[in-house]
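Source file: run10.cif; contents: mmCIF, C-alpha atoms.
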data_target
#
loop_
_atom_site.label_atom_id
_atom_site.label_comp_id
_atom_site.auth_asym_id
_atom_site.auth_seq_id
_atom_site.Cartn_x
_atom_site.Cartn_y
_atom_site.Cartn_z
CA MET I 1 0.00 0.00 0.00
CA LYS I 2 1.51 3.27 -1.18
CA LYS I 3 -1.57 5.45 -1.45
CA ILE I 4 -4.85 5.24 0.47
CA ALA I 5 -7.94 7.44 0.64
CA VAL I 6 -10.56 8.05 3.31
CA LEU I 7 -14.14 9.27 2.98
CA THR I 8 -17.18 9.83 5.18
CA SER I 9 -20.62 8.93 3.87
CA GLY I 10 -24.25 9.11 4.97
CA GLY I 11 -25.22 10.93 8.15
CA ASP I 12 -22.44 12.63 10.10
CA ALA I 13 -21.52 11.30 13.54
CA PRO I 14 -19.34 12.67 16.37
CA GLY I 15 -16.01 10.87 16.28
CA MET I 16 -15.65 10.79 12.50
CA ASN I 17 -12.93 13.43 12.70
CA ALA I 18 -11.05 11.36 15.26
CA ALA I 19 -11.09 8.42 12.83
CA ILE I 20 -9.96 10.60 9.91
CA ARG I 21 -7.14 12.06 11.99
CA ALA I 22 -5.92 8.66 13.14
CA ALA I 23 -6.06 7.12 9.66
CA VAL I 24 -4.15 10.02 8.12
CA ARG I 25 -1.44 10.23 10.75
CA TYR I 26 -0.93 6.49 11.13
CA GLY I 27 -0.91 6.06 7.35
CA ILE I 28 1.74 8.76 6.94
CA ASN I 29 3.74 7.21 9.77
CA GLU I 30 3.71 3.95 7.80
CA GLY I 31 5.10 5.67 4.72
CA MET I 32 1.84 6.06 2.81
CA GLU I 33 0.34 8.96 0.93
CA VAL I 34 -3.15 9.69 2.25
CA PHE I 35 -5.95 11.47 0.41
CA GLY I 36 -9.28 12.68 1.69
CA ILE I 37 -12.31 12.35 -0.58
CA GLU I 38 -14.71 15.22 0.03
CA ARG I 39 -18.50 14.67 0.22
CA GLY I 40 -18.36 10.88 0.31
CA TYR I 41 -19.21 8.84 -2.78
CA ALA I 42 -20.54 11.97 -4.48
CA GLY I 43 -17.08 13.51 -4.26
CA LEU I 44 -15.48 10.25 -5.38
CA ILE I 45 -17.34 10.18 -8.70
CA GLU I 46 -16.67 13.91 -9.10
CA ASN I 47 -12.94 13.27 -8.63
CA VAL I 48 -12.62 15.54 -5.57
CA PHE I 49 -9.45 14.35 -3.81
CA LEU I 50 -7.62 16.32 -1.12
CA PRO I 51 -3.97 15.49 -0.27
CA MET I 52 -3.76 15.04 3.51
CA ASN I 53 -0.81 15.68 5.83
CA MET I 54 -0.17 15.94 9.56
CA ARG I 55 -1.27 19.57 9.65
CA THR I 56 -4.43 18.94 7.65
CA VAL I 57 -5.90 16.98 10.55
CA SER I 58 -4.62 19.17 13.37
CA ASP I 59 -7.14 20.41 15.93
CA ILE I 60 -10.04 18.25 14.70
CA VAL I 61 -10.20 15.39 17.24
CA GLN I 62 -12.55 17.42 19.46
CA ARG I 63 -14.83 18.60 16.66
CA GLY I 64 -18.18 17.10 15.72
CA GLY I 65 -19.28 16.57 12.13
CA THR I 66 -16.71 15.61 9.52
CA LEU I 67 -13.80 17.58 8.09
CA LEU I 68 -14.33 15.86 4.73
CA ARG I 69 -18.07 16.63 4.70
CA THR I 70 -20.59 14.04 3.63
CA ALA I 71 -23.35 13.53 1.11
CA ARG I 72 -25.56 10.83 -0.37
CA SER I 73 -25.11 9.84 -4.00
CA ALA I 74 -27.79 8.16 -6.10
CA GLU I 75 -25.39 8.05 -9.04
CA PHE I 76 -22.91 5.88 -7.15
CA LEU I 77 -25.61 3.22 -6.75
CA THR I 78 -25.47 2.61 -10.52
CA ASP I 79 -22.91 0.46 -12.36
CA GLU I 80 -21.84 3.50 -14.33
CA GLY I 81 -21.22 5.50 -11.17
CA GLN I 82 -19.18 2.74 -9.58
CA GLU I 83 -17.10 2.27 -12.74
CA LEU I 84 -16.40 6.01 -12.79
CA ALA I 85 -15.35 5.88 -9.12
CA VAL I 86 -12.93 3.02 -9.79
CA LYS I 87 -11.56 4.88 -12.81
CA PHE I 88 -10.70 7.93 -10.71
CA LEU I 89 -9.17 5.78 -7.94
CA HIS I 90 -6.93 4.03 -10.47
CA LYS I 91 -6.04 7.35 -12.08
CA ARG I 92 -4.91 8.66 -8.69
CA GLY I 93 -3.03 5.45 -7.96
CA ILE I 94 -5.11 4.75 -4.85
CA ASP I 95 -4.40 1.26 -3.48
CA GLY I 96 -7.08 1.14 -0.77
CA VAL I 97 -10.03 3.10 0.65
CA ILE I 98 -11.37 3.65 4.18
CA VAL I 99 -15.11 4.34 4.37
CA ILE I 100 -16.64 5.81 7.54
CA GLY I 101 -20.42 5.48 7.70
CA GLY I 102 -23.40 3.19 8.23
CA ASP I 103 -24.94 0.25 6.39
CA GLY I 104 -25.52 2.11 3.13
CA SER I 105 -21.94 3.34 3.15
CA PHE I 106 -20.73 -0.20 3.78
CA ARG I 107 -22.65 -1.47 0.75
CA GLY I 108 -20.75 1.10 -1.27
CA ALA I 109 -17.48 -0.12 0.23
CA GLU I 110 -18.42 -3.68 -0.69
CA ALA I 111 -19.11 -2.60 -4.27
CA LEU I 112 -15.65 -1.02 -4.53
CA SER I 113 -14.04 -4.15 -3.11
CA LYS I 114 -15.79 -6.33 -5.68
CA ARG I 115 -14.37 -4.07 -8.39
CA GLY I 116 -10.83 -4.64 -7.15
CA ILE I 117 -10.36 -1.75 -4.70
CA PRO I 118 -9.48 -3.04 -1.18
CA THR I 119 -11.84 -1.24 1.18
CA VAL I 120 -12.29 -1.15 4.97
CA GLY I 121 -15.39 0.24 6.70
CA ILE I 122 -15.53 2.05 10.04
CA PRO I 123 -19.01 2.07 11.69
CA GLY I 124 -19.99 5.73 11.89
CA THR I 125 -23.67 6.23 12.78
CA ILE I 126 -25.33 7.55 15.92
CA ASP I 127 -28.20 5.02 15.66
CA ASN I 128 -26.09 2.03 16.82
CA ASP I 129 -28.03 -0.09 14.34
CA LEU I 130 -25.21 -2.29 13.01
CA ALA I 131 -25.56 -5.80 14.42
CA TYR I 132 -21.95 -6.99 14.17
CA THR I 133 -20.54 -4.39 16.59
CA ASP I 134 -21.64 -3.55 20.14
CA PHE I 135 -21.25 0.18 19.52
CA THR I 136 -20.98 2.53 16.56
CA LEU I 137 -19.13 5.80 16.27
CA GLY I 138 -21.21 8.72 17.57
CA PHE I 139 -23.71 6.67 19.57
CA ASP I 140 -22.22 7.51 22.97
CA THR I 141 -22.11 11.24 22.20
CA ALA I 142 -25.71 11.21 20.93
CA CYS I 143 -26.87 9.48 24.12
CA ASN I 144 -25.11 12.09 26.24
CA THR I 145 -26.71 14.88 24.20
CA VAL I 146 -30.15 13.38 24.85
CA LEU I 147 -29.27 12.86 28.50
CA ASP I 148 -28.38 16.53 28.87
CA ALA I 149 -31.73 17.49 27.35
CA ILE I 150 -33.58 15.14 29.71
CA ASN I 151 -31.83 16.68 32.72
CA LYS I 152 -32.78 20.21 31.71
CA LEU I 153 -36.36 19.35 30.76
CA ARG I 154 -36.95 17.43 33.97
CA ASP I 155 -36.12 20.53 36.00
CA THR I 156 -38.86 22.59 34.39
CA MET I 157 -41.38 19.72 34.12
CA SER I 158 -41.04 18.98 37.83
CA SER I 159 -41.48 22.65 38.67
CA HIS I 160 -44.80 22.82 36.80
CA ASP I 161 -46.13 19.24 37.27
CA ARG I 162 -45.98 18.65 33.53
CA ILE I 163 -45.48 15.60 31.33
CA CYS I 164 -42.71 15.93 28.77
CA ILE I 165 -42.39 13.81 25.63
CA ILE I 166 -38.90 13.81 24.14
CA GLU I 167 -38.57 12.47 20.59
CA VAL I 168 -35.14 11.10 19.70
CA MET I 169 -33.64 9.57 16.57
CA GLY I 170 -34.10 5.89 15.80
CA ARG I 171 -36.49 4.75 13.08
CA GLY I 172 -35.78 1.05 13.31
CA CYS I 173 -33.45 0.88 16.29
CA GLY I 174 -34.39 2.16 19.75
CA ASP I 175 -30.91 2.12 21.31
CA ILE I 176 -30.63 5.90 21.74
CA ALA I 177 -34.04 6.06 23.43
CA LEU I 178 -33.27 3.06 25.63
CA HIS I 179 -29.78 4.03 26.80
CA ALA I 180 -30.53 7.74 27.25
CA GLY I 181 -33.92 7.03 28.81
CA LEU I 182 -32.38 4.61 31.28
CA GLY I 183 -29.57 7.02 32.15
CA GLY I 184 -31.99 9.94 32.48
CA GLY I 185 -34.50 8.09 34.64
CA ALA I 186 -37.35 8.39 32.14
CA GLU I 187 -40.67 7.07 33.42
CA ILE I 188 -41.57 5.61 30.01
CA VAL I 189 -39.32 4.60 27.11
CA LEU I 190 -40.95 3.83 23.76
CA VAL I 191 -38.92 1.90 21.16
CA PRO I 192 -39.79 0.27 17.81
CA GLU I 193 -38.73 -3.16 19.07
CA VAL I 194 -41.31 -3.30 21.89
CA PRO I 195 -44.90 -2.42 20.93
CA MET I 196 -46.82 -0.55 23.62
CA THR I 197 -50.46 0.45 23.23
CA TYR I 198 -51.74 3.89 24.01
CA LEU I 199 -53.86 2.42 26.82
CA GLU I 200 -50.74 0.93 28.41
CA ILE I 201 -49.09 4.36 28.31
CA LEU I 202 -52.16 5.93 29.96
CA ASP I 203 -52.20 3.20 32.63
CA ARG I 204 -48.59 3.97 33.48
CA LEU I 205 -49.26 7.71 33.74
CA ASN I 206 -52.45 7.22 35.77
CA GLU I 207 -50.60 4.92 38.16
CA ASP I 208 -47.99 7.65 38.71
CA ARG I 209 -50.69 10.27 39.25
CA SER I 210 -52.45 8.03 41.78
CA LYS I 211 -49.22 8.05 43.77
CA GLY I 212 -49.01 11.84 43.68
CA LYS I 213 -46.47 12.05 40.87
CA PHE I 214 -47.70 14.49 38.20
CA SER I 215 -44.51 15.12 36.24
CA SER I 216 -43.11 12.46 33.91
CA ILE I 217 -40.53 12.09 31.19
CA ILE I 218 -41.45 9.99 28.16
CA VAL I 219 -38.63 9.23 25.70
CA VAL I 220 -39.87 8.05 22.32
CA ALA I 221 -37.84 6.86 19.34
CA GLU I 222 -38.98 8.50 16.09
CA GLY I 223 -39.81 5.09 14.64
CA VAL I 224 -42.64 4.65 17.17
CA CYS I 225 -44.68 7.83 16.71
CA LYS I 226 -44.43 11.59 16.56
CA ALA I 227 -44.08 13.41 19.87
CA GLU I 228 -46.75 15.97 18.91
CA GLU I 229 -49.32 13.25 18.18
CA LEU I 230 -48.72 11.57 21.51
CA GLN I 231 -48.86 14.95 23.22
CA ARG I 232 -52.35 15.64 21.87
CA LYS I 233 -53.66 12.21 22.85
CA ILE I 234 -52.39 12.40 26.41
CA LYS I 235 -53.63 15.95 26.88
CA ASP I 236 -57.10 15.02 25.62
CA SER I 237 -57.28 11.89 27.81
CA LEU I 238 -55.81 13.19 31.06
CA GLY I 239 -56.41 16.92 30.78
CA ALA I 240 -52.80 17.27 31.89
CA ALA I 241 -50.19 19.82 30.92
CA VAL I 242 -48.07 18.07 28.29
CA ARG I 243 -45.08 19.38 26.36
CA ALA I 244 -43.35 17.81 23.35
CA THR I 245 -39.70 18.32 22.40
CA VAL I 246 -38.16 16.99 19.18
CA LEU I 247 -34.37 16.93 19.49
CA GLY I 248 -33.79 16.17 15.80
CA HIS I 249 -30.36 16.87 14.36
CA LEU I 250 -29.18 18.30 17.65
CA GLN I 251 -28.27 14.69 18.46
CA ARG I 252 -25.78 14.46 15.60
CA GLY I 253 -23.68 17.46 16.51
CA GLY I 254 -21.38 18.47 19.29
CA SER I 255 -17.92 17.59 20.51
CA PRO I 256 -17.49 13.80 20.64
CA SER I 257 -17.33 12.07 23.99
CA ALA I 258 -14.12 10.49 25.27
CA ARG I 259 -15.43 7.08 24.21
CA ASP I 260 -16.18 8.17 20.65
CA ARG I 261 -12.75 9.80 20.33
CA TYR I 262 -11.19 6.58 21.60
CA LEU I 263 -13.17 4.36 19.22
CA GLY I 264 -12.59 6.66 16.25
CA THR I 265 -8.86 6.77 16.87
CA CYS I 266 -8.47 3.01 17.38
CA TRP I 267 -10.64 2.17 14.36
CA GLY I 268 -8.76 4.62 12.14
CA VAL I 269 -5.49 2.91 12.98
CA GLN I 270 -7.02 -0.57 12.68
CA ALA I 271 -8.37 0.22 9.20
CA VAL I 272 -4.96 1.34 7.96
CA LYS I 273 -3.33 -1.78 9.41
CA LEU I 274 -5.80 -4.01 7.55
CA LEU I 275 -5.09 -2.24 4.25
CA LYS I 276 -1.36 -2.48 4.88
CA GLU I 277 -1.77 -6.24 5.33
CA GLY I 278 -3.55 -6.39 1.98
CA LYS I 279 -6.95 -7.06 3.51
CA GLY I 280 -10.04 -5.47 1.96
CA ASN I 281 -13.77 -5.99 1.93
CA ARG I 282 -13.68 -5.73 5.75
CA VAL I 283 -15.38 -3.73 8.47
CA VAL I 284 -14.01 -3.01 11.93
CA GLY I 285 -15.97 -3.00 15.16
CA ILE I 286 -15.92 -3.80 18.86
CA LYS I 287 -17.42 -6.88 20.52
CA ASP I 288 -17.22 -7.70 24.23
CA ASN I 289 -14.72 -4.82 24.57
CA ARG I 290 -12.37 -6.35 21.97
CA PHE I 291 -11.64 -4.84 18.56
CA ILE I 292 -12.71 -7.07 15.69
CA ASP I 293 -12.93 -7.12 11.90
CA MET I 294 -14.93 -9.26 9.49
CA GLU I 295 -16.12 -9.44 5.89
CA ILE I 296 -18.61 -6.74 4.95
CA ASP I 297 -21.19 -9.15 3.58
CA LYS I 298 -21.10 -11.29 6.73
CA ALA I 299 -21.46 -8.21 8.94
CA MET I 300 -24.41 -6.88 6.93
CA LYS I 301 -26.27 -10.19 7.11
CA MET I 302 -26.26 -10.19 10.91
CA LYS I 303 -29.56 -9.26 12.54
CA LYS I 304 -29.57 -6.60 15.23
CA GLU I 305 -30.73 -8.02 18.56
CA PHE I 306 -32.57 -5.72 20.93
CA ASP I 307 -31.55 -5.84 24.60
CA TYR I 308 -34.89 -6.79 26.17
CA GLU I 309 -33.24 -7.37 29.54
CA LEU I 310 -31.95 -3.80 29.60
CA TYR I 311 -35.39 -2.56 28.55
CA ASP I 312 -36.94 -4.48 31.42
CA LEU I 313 -34.40 -2.96 33.78
CA ALA I 314 -35.40 0.52 32.59
CA ASN I 315 -39.02 -0.31 33.48
CA VAL I 316 -38.11 -1.70 36.88
CA VAL I 317 -36.05 1.28 37.98
CA SER I 318 -38.78 3.64 36.74
CA ASN I 319 -41.06 1.94 39.29
CA SER I 320 -43.06 0.00 36.68
CA ALA I 321 -44.29 -3.52 37.28
CA ILE I 322 -44.44 -4.30 33.55
CA SER I 323 -41.88 -6.85 32.34
CA TYR I 324 -40.79 -7.24 28.74
CA ILE I 325 -38.05 -9.85 29.14
CA HIS I 326 -38.26 -12.36 26.25
#
The structure in this file should be written as structure tokens.
Amino acid sequence: MKKIAVLTSGGDAPGMNAAIRAAVRYGINEGMEVFGIERGYAGLIENVFLPMNMRTVSDIVQRGGTLLRTARSAEFLTDEGQELAVKFLHKRGIDGVIVIGGDGSFRGAEALSKRGIPTVGIPGTIDNDLAYTDFTLGFDTACNTVLDAINKLRDTMSSHDRICIIEVMGRGCGDIALHAGLGGGAEIVLVPEVPMTYLEILDRLNEDRSKGKFSSIIVVAEGVCKAEELQRKIKDSLGAAVRATVLGHLQRGGSPSARDRYLGTCWGVQAVKLLKEGKGNRVVGIKDNRFIDMEIDKAMKMKKEFDYELYDLANVVSNSAISYIH
């Protein structure tokens, strides 16, 4: 490996810059030329390559977002787009590519590998929805962002005896809602993996009110329902003061946590090492606190398992008698 390139694709995630920085500096230390591809696969098929050096990645480890910027590319999904990407990589003399992103980005990495470009994927997505790894880059920071919001909202909800519904990201995966809700002491956590009827939600709230507790925090993943819809239903049924807060893209930004900086740095180095060993079509991850790598196709075929035991624990510590252990 003489020349490698790195790109970020899909949604941005805190810790991406730490991974870029580590890949660039470790690659240079190993005698490689390192290029950054701006705007992900869109930039790749537009031939937008940026020579990287030690100074290029200075002062970015603490920054959210991605220095290389990111975008989605419909053109890259086509055979013509992929052939054009490979053409530009060959023209630049690129021997291997590091892709930082989620499942869609990994499919793109797999496509490049099948066309003869060794590629390694780093899991960068706040949703934590990749089954092969315990954690993804940006997940910890996103949870802490939600946790900070819960702390602040609880202060004002308690002062006014109000119910607050906090909508967080997670269309198909409820990990952000679960982990942040557990850490923030939410009375109710709603996730796509565990159906809960509206009557069950009312029963929980009425039980709290019968005990003299009139303020509650409900954390709902966006894949369950909209916070405003649930707000209207609860207000109409209980006649209570209910507020809805949608955190939205606030969860994606901000300075990465210590854990995301650690993971980004270690994965950036690990990706370069794999390319140096001539290994492509791989993704890196962490399992049982050990760094791993495996074939992209194998990783993508794994089914994400929801932690029902942790969900049950969240219910128990919120003083609920409902059990969801499977």
Open item on the list: Running the PyMOL selection byres ((chain I and resi 146) around 12) on this model by hand, what would come out? Give it as number ranges by chain.
Closed with: I: 126, 139-145, 147-153, 166-169, 175-186, 219-221, 245-254
Open item on the list: Set the distance at 12 Å and use all atoms listed in the file: which residues neighbour Arg107 of chain I once local chain neighbours fewer than 2 positions away are removed? I'd like the list as a PyMOL selection string.
Closed with: chain I and resi 9-10+41+76-77+82+99-105+109-114+119-121+281-283+295-301
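Considering only C-alpha atoms, the residue among I:Met1, I:Val194, I:Leu137, I:Ala42 positioned nearest to Pro256 of chain I is I:Leu137.
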Task: Spatial neighbours of Glu83 of chain I, max dist 12 Å, all atoms listed in the file, sep filter under 2 positions, as a PyMOL selection string - done: chain I and resi 44-45+75-81+85-90+111-117
Write to file, as a JSON list (two decimals), keeping the file's coordinate frame, the residues of the selection just made, with C-alpha atoms.
[["chain", "number", "residue", "atom", "x", "y", "z"],
["I", 44, "LEU", "CA", -15.48, 10.25, -5.38],
["I", 45, "ILE", "CA", -17.34, 10.18, -8.70],
["I", 75, "GLU", "CA", -25.39, 8.05, -9.04],
["I", 76, "PHE", "CA", -22.91, 5.88, -7.15],
["I", 77, "LEU", "CA", -25.61, 3.22, -6.75],
["I", 78, "THR", "CA", -25.47, 2.61, -10.52],
["I", 79, "ASP", "CA", -22.91, 0.46, -12.36],
["I", 80, "GLU", "CA", -21.84, 3.50, -14.33],
["I", 81, "GLY", "CA", -21.22, 5.50, -11.17],
["I", 85, "ALA", "CA", -15.35, 5.88, -9.12],
["I", 86, "VAL", "CA", -12.93, 3.02, -9.79],
["I", 87, "LYS", "CA", -11.56, 4.88, -12.81],
["I", 88, "PHE", "CA", -10.70, 7.93, -10.71],
["I", 89, "LEU", "CA", -9.17, 5.78, -7.94],
["I", 90, "HIS", "CA", -6.93, 4.03, -10.47],
["I", 111, "ALA", "CA", -19.11, -2.60, -4.27],
["I", 112, "LEU", "CA", -15.65, -1.02, -4.53],
["I", 113, "SER", "CA", -14.04, -4.15, -3.11],
["I", 114, "LYS", "CA", -15.79, -6.33, -5.68],
["I", 115, "ARG", "CA", -14.37, -4.07, -8.39],
["I", 116, "GLY", "CA", -10.83, -4.64, -7.15],
["I", 117, "ILE", "CA", -10.36, -1.75, -4.70]]
- [ ] Pick out the closest residue to Lys279 of chain I from this set: I:Arg154, I:Gly96, I:Val317, I:Ile20. Count all atoms listed in the file.
- [x]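 Closest residue, counting all atoms listed in the file: I:Gly96.
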- [ ] Find the spatial neighbours of Gly43 of chain I, counting all atoms listed in the file, within a cut-off of 9 Å - ignore same-chain residues fewer than 5 positions away - and output them as a list in words.
- [x]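 Answer for this query is Leu7, Ile37, Glu38, Val48, Phe49, Thr70, Ala71 and Ser73 of chain I.
You can rank I:Leu313, I:Ile98, I:Met52, I:Ile4 by their closest distance to Trp267 of chain I using all atoms listed in the file, and at the top of that list sits I:Ile98.
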